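Chemist: You'll find data06.txt just under this line, and it carries compact mmCIF, C-alpha atoms.
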```txt
# COMPACT_ATOMS: atom_id res chain seq x y z
CA MET H 1 32.65 22.47 -6.58
CA ARG H 2 33.97 21.85 -3.08
CA TYR H 3 30.44 21.95 -1.64
CA VAL H 4 29.00 19.85 -4.44
CA LYS H 5 31.51 17.07 -3.77
CA GLN H 6 30.96 17.19 -0.04
CA PHE H 7 27.20 17.19 -0.44
CA ALA H 8 27.44 14.31 -2.91
CA ILE H 9 29.32 12.17 -0.38
CA ILE H 10 26.73 12.85 2.33
CA ILE H 11 23.80 12.15 -0.01
CA LEU H 12 25.48 8.97 -1.26
CA ILE H 13 25.82 7.70 2.31
CA SER H 14 22.17 8.59 3.00
CA PHE H 15 21.23 6.59 -0.10
CA VAL H 16 23.26 3.55 1.00
CA GLY H 17 21.54 3.89 4.40
CA GLU H 18 18.20 3.76 2.60
CA LEU H 19 19.24 0.61 0.74
CA LEU H 20 20.37 -1.05 3.98
CA LYS H 21 17.00 -0.22 5.53
CA GLU H 22 15.29 -1.95 2.60
CA PHE H 23 17.39 -5.08 2.72
CA LEU H 24 18.19 -5.62 6.39
CA PRO H 25 15.45 -6.93 8.69
CA PHE H 26 16.06 -4.51 11.62
CA LEU H 27 13.82 -1.61 12.63
CA VAL H 28 16.57 0.94 12.01
CA PRO H 29 15.87 4.02 9.86
CA ALA H 30 18.04 5.05 6.93
CA SER H 31 19.45 8.04 8.82
CA ILE H 32 20.84 5.90 11.66
CA TYR H 33 22.40 3.41 9.20
CA GLY H 34 23.87 6.44 7.46
CA LEU H 35 25.24 7.85 10.71
CA ILE H 36 26.94 4.53 11.50
CA LEU H 37 28.28 4.22 7.92
CA MET H 38 29.66 7.76 8.02
CA LEU H 39 31.37 7.05 11.35
CA ILE H 40 32.92 3.85 9.98
CA ALA H 41 34.05 5.64 6.79
CA LEU H 42 35.70 8.39 8.83
CA THR H 43 37.43 6.09 11.34
CA THR H 44 38.76 3.78 8.63
CA GLY H 45 40.02 6.78 6.64
CA LEU H 46 37.86 5.92 3.63
CA ILE H 47 36.53 9.47 3.87
CA LYS H 48 38.75 12.26 5.16
CA LEU H 49 37.23 14.73 7.62
CA GLU H 50 37.86 17.71 5.33
CA GLN H 51 35.94 15.94 2.54
CA VAL H 52 32.66 16.37 4.42
CA LYS H 53 33.37 18.97 7.09
CA ASP H 54 31.99 22.16 5.48
CA ALA H 55 28.79 20.67 4.11
CA SER H 56 28.08 18.85 7.36
CA THR H 57 28.62 22.04 9.37
CA PHE H 58 26.01 23.70 7.16
CA LEU H 59 23.51 20.84 7.45
CA LEU H 60 23.89 20.62 11.24
CA ASP H 61 23.47 24.38 11.52
CA ALA H 62 20.24 24.25 9.51
CA MET H 63 18.93 21.16 11.29
CA PRO H 64 16.39 22.82 13.64
CA VAL H 65 14.43 24.42 10.80
CA MET H 66 14.12 21.03 9.07
CA PHE H 67 11.81 19.95 11.89
CA LEU H 68 9.32 22.71 11.30
CA PRO H 69 7.22 20.96 8.60
CA ALA H 70 6.83 17.82 10.75
CA THR H 71 5.82 19.81 13.83
CA VAL H 72 3.24 21.76 11.82
CA GLY H 73 1.72 18.30 11.25
CA LEU H 74 0.57 18.49 14.89
CA MET H 75 -2.18 20.76 13.54
CA GLU H 76 -3.67 17.72 11.79
CA ASP H 77 -3.53 15.44 14.84
CA TRP H 78 -5.05 17.93 17.24
CA ASP H 79 -8.46 16.19 17.43
CA VAL H 80 -6.94 12.86 18.45
CA LEU H 81 -4.51 14.48 20.86
CA LYS H 82 -7.26 16.36 22.67
CA SER H 83 -8.68 13.14 24.12
CA ILE H 84 -5.46 12.26 25.98
CA MET H 85 -4.26 15.80 26.50
CA ILE H 86 -3.49 15.69 30.22
CA PRO H 87 -1.45 12.45 30.36
CA ALA H 88 0.23 13.44 27.08
CA ALA H 89 1.22 16.83 28.48
CA ILE H 90 2.55 15.26 31.68
CA ALA H 91 4.52 12.63 29.71
CA CYS H 92 5.96 15.15 27.28
CA ILE H 93 6.83 17.90 29.75
CA PHE H 94 7.57 16.28 33.12
CA GLY H 95 8.54 12.94 31.61
CA THR H 96 11.11 14.56 29.36
CA ILE H 97 12.60 16.60 32.20
CA ILE H 98 12.81 13.59 34.55
CA VAL H 99 14.41 11.41 31.86
CA MET H 100 16.88 14.20 31.05
CA VAL H 101 17.86 14.68 34.69
CA MET H 102 18.22 10.94 35.46
CA SER H 103 20.28 10.27 32.36
CA GLY H 104 22.52 13.29 32.87
CA ARG H 105 23.08 12.69 36.58
CA VAL H 106 23.85 8.98 36.10
CA THR H 107 26.30 9.73 33.28
CA GLN H 108 27.99 12.48 35.25
CA TRP H 109 28.16 10.42 38.46
CA ILE H 110 29.89 7.50 36.70
CA ILE H 111 32.29 9.79 34.79
CA ARG H 112 33.37 11.45 38.03
CA MET H 113 33.57 8.19 39.96
CA LEU H 114 35.78 6.59 37.29
CA ASN H 115 37.92 9.71 37.00
CA LYS H 116 38.51 9.67 40.74
CA ARG H 117 39.50 6.03 40.65
CA ARG H 118 41.83 6.63 37.71
CA GLY H 119 43.39 9.52 39.62
CA LYS H 120 44.06 7.26 42.63
CA ASN H 121 45.71 4.56 40.53
CA GLU H 122 48.12 6.93 38.87
CA MET J 1 -8.80 36.21 -0.20
CA ASN J 2 -9.88 33.09 -2.06
CA ASN J 3 -7.53 33.85 -4.91
CA ILE J 4 -4.60 34.20 -2.56
CA ALA J 5 -5.45 30.84 -1.01
CA VAL J 6 -5.51 29.19 -4.45
CA ILE J 7 -2.22 30.74 -5.52
CA LEU J 8 -0.50 29.83 -2.24
CA SER J 9 -1.91 26.30 -2.32
CA ASP J 10 -0.47 25.70 -5.78
CA SER J 11 2.86 27.33 -5.04
CA LEU J 12 5.93 25.13 -4.91
CA PHE J 13 8.06 27.49 -2.84
CA PHE J 14 5.43 28.83 -0.46
CA GLY J 15 5.88 26.05 2.09
CA MET J 16 9.62 26.43 2.33
CA THR J 17 9.51 30.24 2.26
CA VAL J 18 6.98 30.46 5.06
CA SER J 19 8.96 27.88 7.12
CA LEU J 20 12.24 29.73 6.75
CA LEU J 21 10.69 33.16 7.37
CA CYS J 22 8.78 32.04 10.46
CA TYR J 23 11.87 30.32 11.83
CA GLY J 24 13.82 33.51 11.09
CA VAL J 25 11.30 35.56 13.08
CA GLY J 26 11.71 33.00 15.88
CA LEU J 27 15.51 33.43 15.81
CA PHE J 28 15.10 37.22 15.89
CA ILE J 29 12.76 37.12 18.89
CA LYS J 30 15.06 34.70 20.70
CA ASP J 31 18.08 36.94 20.10
CA ARG J 32 16.18 39.96 21.39
CA THR J 33 14.57 38.41 24.46
CA LYS J 34 17.14 35.69 25.32
CA LEU J 35 14.28 33.71 26.90
CA ALA J 36 14.27 29.91 26.71
CA ILE J 37 10.54 29.87 26.00
CA ALA J 38 11.16 32.13 22.97
CA ASN J 39 12.32 29.03 21.14
CA PRO J 40 12.69 29.47 17.36
CA ILE J 41 11.07 26.11 16.58
CA LEU J 42 8.12 26.82 18.89
CA ILE J 43 7.64 30.35 17.53
CA GLY J 44 8.10 29.13 13.96
CA PHE J 45 5.53 26.38 14.53
CA LEU J 46 2.95 28.78 16.00
CA LEU J 47 3.47 31.34 13.22
CA VAL J 48 3.21 28.78 10.42
CA VAL J 49 0.01 27.33 11.92
CA CYS J 50 -1.49 30.85 12.26
CA ILE J 51 -0.63 31.71 8.66
CA LEU J 52 -2.06 28.45 7.32
CA LYS J 53 -5.29 28.91 9.31
CA LEU J 54 -5.59 32.58 8.35
CA PHE J 55 -5.29 31.93 4.60
CA HIS J 56 -7.20 28.61 4.75
CA ILE J 57 -4.28 26.67 3.37
CA SER J 58 -4.29 22.93 4.04
CA TYR J 59 -1.37 21.08 5.59
CA ASP J 60 -1.00 19.13 2.35
CA SER J 61 -0.52 22.22 0.20
CA TYR J 62 1.95 23.59 2.75
CA MET J 63 3.85 20.29 2.65
CA ASN J 64 3.98 20.54 -1.13
CA GLY J 65 6.94 22.87 -0.72
CA ALA J 66 7.94 22.23 2.89
CA LYS J 67 8.60 18.52 2.34
CA TYR J 68 11.93 19.33 0.69
CA LEU J 69 13.05 20.81 3.97
CA SER J 70 12.07 17.58 5.74
CA TYR J 71 14.00 15.51 3.22
CA LEU J 72 17.22 17.14 4.41
CA LEU J 73 16.78 15.60 7.87
CA THR J 74 18.27 12.27 6.80
CA PRO J 75 21.55 13.72 5.46
CA ALA J 76 21.71 16.06 8.47
CA THR J 77 21.37 13.11 10.85
CA VAL J 78 24.10 11.32 8.89
CA CYS J 79 26.28 14.40 9.51
CA LEU J 80 25.98 13.92 13.27
CA ALA J 81 28.72 11.32 12.73
CA VAL J 82 31.18 14.14 11.99
CA PRO J 83 31.24 15.78 15.47
CA LEU J 84 31.09 12.26 16.96
CA TYR J 85 34.19 11.27 14.98
CA GLU J 86 35.97 14.37 16.23
CA LYS J 87 35.18 13.30 19.81
CA LEU J 88 35.87 9.59 19.34
CA LYS J 89 38.56 9.50 22.03
CA LEU J 90 36.15 11.01 24.54
CA LEU J 91 33.61 8.33 23.63
CA ARG J 92 36.14 5.51 24.13
CA ASP J 93 37.31 6.88 27.46
CA ASN J 94 33.79 7.25 28.85
CA ILE J 95 31.99 4.38 27.18
CA ILE J 96 30.65 2.83 30.41
CA ALA J 97 29.24 6.10 31.75
CA ILE J 98 27.68 6.90 28.37
CA PHE J 99 26.06 3.50 27.97
CA LEU J 100 24.67 3.43 31.50
CA GLY J 101 23.41 6.99 31.13
CA ILE J 102 21.39 5.96 28.09
CA VAL J 103 20.09 2.84 29.87
CA ALA J 104 19.03 5.07 32.79
CA ALA J 105 17.09 7.26 30.36
CA ILE J 106 15.22 4.32 28.84
CA ALA J 107 14.44 2.80 32.25
CA THR J 108 13.17 6.14 33.59
CA ASN J 109 11.02 6.66 30.51
CA VAL J 110 9.40 3.22 30.86
CA LEU J 111 8.77 3.84 34.56
CA VAL J 112 7.24 7.30 34.02
CA VAL J 113 4.95 6.09 31.23
CA TRP J 114 3.92 3.01 33.21
CA LEU J 115 3.05 5.08 36.30
CA LEU J 116 1.11 7.53 34.14
CA CYS J 117 -0.88 4.71 32.59
CA ILE J 118 -1.74 3.39 36.06
CA ALA J 119 -2.65 6.86 37.37
CA PHE J 120 -4.96 7.60 34.43
CA THR J 121 -6.10 3.96 33.98
CA LEU J 122 -4.90 3.86 30.39
CA ASP J 123 -4.52 0.56 28.58
CA GLU J 124 -1.56 -1.04 26.80
CA THR J 125 -2.41 0.72 23.53
CA ILE J 126 -1.59 4.05 25.15
CA PHE J 127 1.46 2.55 26.88
CA ALA J 128 2.77 1.41 23.48
CA THR J 129 1.92 4.82 22.01
CA PHE J 130 3.81 6.72 24.74
CA ILE J 131 6.93 4.56 25.10
CA PRO J 132 8.75 5.71 21.93
CA LYS J 133 8.17 9.43 22.63
CA SER J 134 11.83 10.12 23.47
CA ILE J 135 13.39 8.52 20.40
CA THR J 136 13.82 9.74 16.84
CA THR J 137 10.64 9.84 14.72
CA ALA J 138 11.75 7.34 12.10
CA ILE J 139 12.36 4.62 14.73
CA GLY J 140 9.57 5.72 17.08
CA MET J 141 6.88 5.40 14.41
CA VAL J 142 7.84 1.80 13.70
CA VAL J 143 8.16 0.85 17.37
CA SER J 144 4.68 2.22 18.06
CA GLN J 145 3.23 0.36 15.09
CA GLU J 146 4.92 -2.95 15.93
CA THR J 147 3.88 -2.90 19.59
CA GLY J 148 0.25 -1.96 18.89
CA GLY J 149 0.37 1.75 19.59
CA ILE J 150 -1.32 4.55 17.63
CA GLU J 151 1.29 5.72 15.16
CA THR J 152 0.03 9.25 14.46
CA ILE J 153 -0.25 10.10 18.16
CA THR J 154 3.25 8.72 18.76
CA VAL J 155 4.59 11.01 16.03
CA ALA J 156 2.80 13.98 17.61
CA LEU J 157 4.19 13.10 21.05
CA ILE J 158 7.70 12.73 19.62
CA CYS J 159 7.45 16.23 18.12
CA ILE J 160 6.18 17.77 21.36
CA THR J 161 8.82 15.95 23.43
CA GLY J 162 11.51 17.24 21.07
CA ILE J 163 10.32 20.84 21.30
CA VAL J 164 10.09 20.58 25.11
CA GLY J 165 13.61 19.11 25.29
CA ASN J 166 14.93 21.82 22.98
CA ILE J 167 13.41 24.52 25.21
CA VAL J 168 14.31 23.14 28.66
CA ALA J 169 17.74 21.58 27.95
CA GLU J 170 19.86 24.52 29.06
CA ILE J 171 17.81 25.35 32.16
CA VAL J 172 17.52 21.72 33.31
CA CYS J 173 21.27 21.13 32.97
CA LYS J 174 21.97 24.30 34.90
CA LEU J 175 19.44 23.74 37.70
CA CYS J 176 20.36 20.09 38.21
CA LYS J 177 24.07 20.81 38.09
CA ILE J 178 24.72 18.60 35.10
CA ASP J 179 27.89 20.34 33.98
CA GLU J 180 30.01 17.64 32.34
CA PRO J 181 29.60 18.29 28.59
CA ILE J 182 29.37 14.53 27.94
CA ALA J 183 26.60 14.11 30.51
CA LYS J 184 24.70 17.09 29.07
CA GLY J 185 24.84 15.61 25.57
CA ILE J 186 23.72 12.15 26.68
CA ALA J 187 20.90 13.62 28.77
CA ILE J 188 19.59 15.75 25.91
CA GLY J 189 19.91 13.13 23.17
CA SER J 190 18.36 10.29 25.13
CA SER J 191 15.43 12.37 26.39
CA SER J 192 14.54 14.48 23.36
CA HIS J 193 16.14 12.88 20.28
CA VAL J 194 17.25 14.86 17.23
CA LEU J 195 15.26 18.00 18.09
CA GLY J 196 17.03 18.22 21.45
CA THR J 197 20.30 17.45 19.68
CA ALA J 198 19.81 20.57 17.57
CA LYS J 199 20.07 22.50 20.85
CA ALA J 200 22.99 20.38 22.08
CA VAL J 201 24.90 21.22 18.88
CA GLU J 202 24.45 24.93 19.75
CA MET J 203 25.67 24.31 23.31
CA GLY J 204 29.00 22.87 22.24
CA ASP J 205 30.89 20.34 20.10
CA THR J 206 31.05 17.66 22.79
CA GLU J 207 27.41 18.13 23.77
CA GLY J 208 26.33 17.85 20.13
CA ALA J 209 28.44 14.78 19.42
CA MET J 210 27.28 12.91 22.53
CA SER J 211 23.65 13.87 21.97
CA GLY J 212 23.77 12.50 18.43
CA LEU J 213 25.29 9.29 19.74
CA ALA J 214 22.59 9.01 22.42
CA VAL J 215 19.85 9.38 19.79
CA ALA J 216 21.21 6.47 17.77
CA VAL J 217 21.87 4.17 20.74
CA SER J 218 18.65 4.91 22.66
CA GLY J 219 16.63 4.49 19.47
CA ILE J 220 18.11 1.09 18.75
CA LEU J 221 17.83 -0.03 22.41
CA THR J 222 14.17 1.01 22.54
CA VAL J 223 13.42 -1.19 19.53
CA ILE J 224 14.66 -4.13 21.60
CA VAL J 225 13.28 -3.10 25.00
CA ALA J 226 9.77 -1.82 24.12
CA PRO J 227 8.20 -5.19 23.10
CA MET J 228 9.81 -6.87 26.13
CA MET J 229 8.38 -4.26 28.50
CA LEU J 230 4.92 -4.60 27.00
CA GLU J 231 4.95 -8.33 27.51
CA TRP J 232 6.31 -8.03 31.02
CA LEU J 233 4.01 -5.27 32.28
CA TYR J 234 0.78 -6.23 30.49
```
Give the structure from this file in structure tokens form.

Modeler:
Amino acid sequence: MRYVKQFAIIILISFVGELLKEFLPFLVPASIYGLILMLIALTTGLIKLEQVKDASTFLLDAMPVMFLPATVGLMEDWDVLKSIMIPAAIACIFGTIIVMVMSGRVTQWIIRMLNKRRGKNE
Amino acid sequence: MNNIAVILSDSLFFGMTVSLLCYGVGLFIKDRTKLAIANPILIGFLLVVCILKLFHISYDSYMNGAKYLSYLLTPATVCLAVPLYEKLKLLRDNIIAIFLGIVAAIATNVLVVWLLCIAFTLDETIFATFIPKSITTAIGMVVSQETGGIETITVALICITGIVGNIVAEIVCKLCKIDEPIAKGIAIGSSSHVLGTAKAVEMGDTEGAMSGLAVAVSGILTVIVAPMMLEWLY
């Protein structure tokens, strides 16, 4: 029963996310509305952490395999992809690495700079 | 052979079984070899494609069963709020660094795609198709559509980007000396969306939480930025 209740809460929030997506004019998918709703529910205490913790640990653990069906869809798009293969490969491989490095270095640099300043003030 | 194809095509559980088994083989190979390229999603993808081709099973009949696995992605993404909630203090304390890190990711992505389009003399259709490659599929599809890109290619690029991010995340962070867990999470989430986040979750609680946050924020920011960039650059 514990898992059923936890799962029910998570599915309910996903459903409300879906409704918000239908009725609000923004280009935000149901899952992101749901994520925000879940965060609000947890911070306001509407939902207690232990009411969703176990089921969410399971879902997060199983998350990678949920992508498999969508990636297999690449099989279908292969003919279109072939025509822009080189720029697409550069964008997806080098582009992703460059974006990752820039974002990580900028974040880290600011964290350390602010920490240093905080340290001086104290 | 034909009979097998018919039976498998009609089966309700074939798609999910083959997905889970192939992913399981991927996990096994990764555990044995410990190589980054031996990525369970990549191996699972290759195995599933081989099996479908070998038995002449169409993507649609595979999806007949596999779609239920995809449906779980929405509740799983919702669950990313849980680790984020557990790290809320960390988020508050580092909000400026986190926000600017995500902005840096979006700016770099626009720049890279723009330069690529110039180098290969590609038009704005391809620019619009490439721009949402680093954000989550559900948002990326719509961004591509709204800005005049080719939706199906965008979805394919998003998948490839995610797999690449999932594979390279650990090595890139190590080589480029990104060792703050917050910075790792932001870097992974804002470059390779939910698929990268799956790796970030494995790397640690903070990494997972921050990566999930980056996916949501960079997705929403891209919705705003992409049309502006198109107008400005083309």

Chemist: Could you jot down the CA of Asn3 in chain J to CA of Phe55 in chain J separation for me, Å, one decimal place?

Modeler: 10.0 Å

Chemist: Compute the set of chain J residues within 7 Å of chain H, using all atoms listed in the file, and express it as a PyMOL selection string.

Modeler: chain J and resi 19+23+41+45+49+63+66-67+69-70+72-81+85+94+97-98+100-102+104-105+108-109+112-113+116+138-139+142+153+156-157+159-161+164-165+176+178+180+183-184+186-188+191-192+195+198+216+220+223

Chemist: Could you check how far CA of Thr121 in chain J sits from CA of Gln145 in chain J, in Å to one decimal?

Modeler: 21.4 Å

Chemist: State, in Å with one decimal place, the distance from CA of Ala209 in chain J to CA of Lys21 in chain H.

Modeler: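 Between these atoms lies a distance of 23.4 Å.
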
Chemist: Applying 9 Å and only C-alpha atoms, which residues near Glu124 in chain J remain after dropping the ones on its own chain fewer than 5 positions away? List them as a ChimeraX atom specification.

Modeler: /J:117,129,148-149,230,233-234
